[in-house]
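**Q** What follows is a structure written as structure tokens; I'll ask about it next.
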Amino acid sequence: MIDSEIAQLPHYSSIDFSNGHEISAYNHLLISLMQHYGLLDCRAASTAMSRQLLQQSKEWVKAIEGNITATPVHELIVALSGFDLIHRITFRTPASSAFIGGCYLKSFNERIRGNRLISDTDLYSAISDRIQFRDKAFFD
């Protein structure tokens, strides 16, 4: 990949927020680009491309937070795959527990109501992560 290729990163406005898999794919693309441009290495020197990517990541995080209600409940877990990592790299802080936990609780409650579109494996992993992060909402 050459540095000019970052301009080929689609703008987040082209992402369909009603499709959790599309959101997830964009998350993974961002993480891959972050790795390529050294953003996962705290010793890496800042470059114009890494700064541009960080700016795009900030916009992306805000877009997810502002549009997550358009994502079907059964796709919330997949949509947030990689979101916390992107947030940590971009803002140097974990994503809001209330935001992520709230999304996962919606999925959990929907699964309990019988929605079989929610993967048991994904749900278990999401809840396990929230418990590991000591998210109080998951200890009630």
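In the structure tokens, chains take the letters A, B, ... in the order shown, each chain's residues start at 1, and ligands count up from 1 in the order shown.
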Using only C-alpha atoms, which protein or nucleic acid residues come within 9 Å of segment 123-134 of chain A? Drop anything in the same chain fewer than 4 positions from it, and give the result as a count of residues only.
**A** 13
**Q** Which residues, written as a ChimeraX atom specification, have at least one atom at most 10 Å from Gly82 of chain A, with only C-alpha atoms counted and residues fewer than 6 positions away on the same chain left out?
**A** /A:23-31
**Q** For Ser13 of chain A, find every residue with an atom within 9 Å (counting only C-alpha atoms), except residues of its own chain fewer than 3 positions away, and show them as number ranges by chain.
**A** A: 10, 16, 63
**Q** Rank A:Gln35, A:Ser81, A:Thr121, A:Ser14 by their smallest atom-to-atom distance to Leu54 of chain A, using only C-alpha atoms, and report the top residue only.
**A**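 Of the candidates, the smallest distance to Leu54 of chain A is held by A:Gln35.
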**Q** Point out the residue among A:Leu39, A:Ala95, A:Ile112, A:Cys103 with the least atom-to-atom distance to Val73 of chain A, counting only C-alpha atoms.
**A**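 So, comparing all the options, the nearest one is A:Cys103.
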**Q** Pick out the closest residue to Phe17 of chain A from this set: A:Ile68, A:Val61, A:Leu53, A:Leu40. Count only C-alpha atoms.
**A**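 Looking only at the distances to Phe17 of chain A, the closest residue turns out to be A:Ile68.
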**Q** A:Lys106, A:Ile89, A:Ile15, A:Phe99: which is nearest Asp41 of chain A, counting only C-alpha atoms?
**A**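 Smallest separation from Asp41 of chain A among the options: A:Ile89.
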**Q** Kindly give the distance, in Å, that separates atom CA of Met34 of chain A and atom CA of Thr69 of chain A, rounded to a single decimal.
**A**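 So the answer is 26.4 Å.
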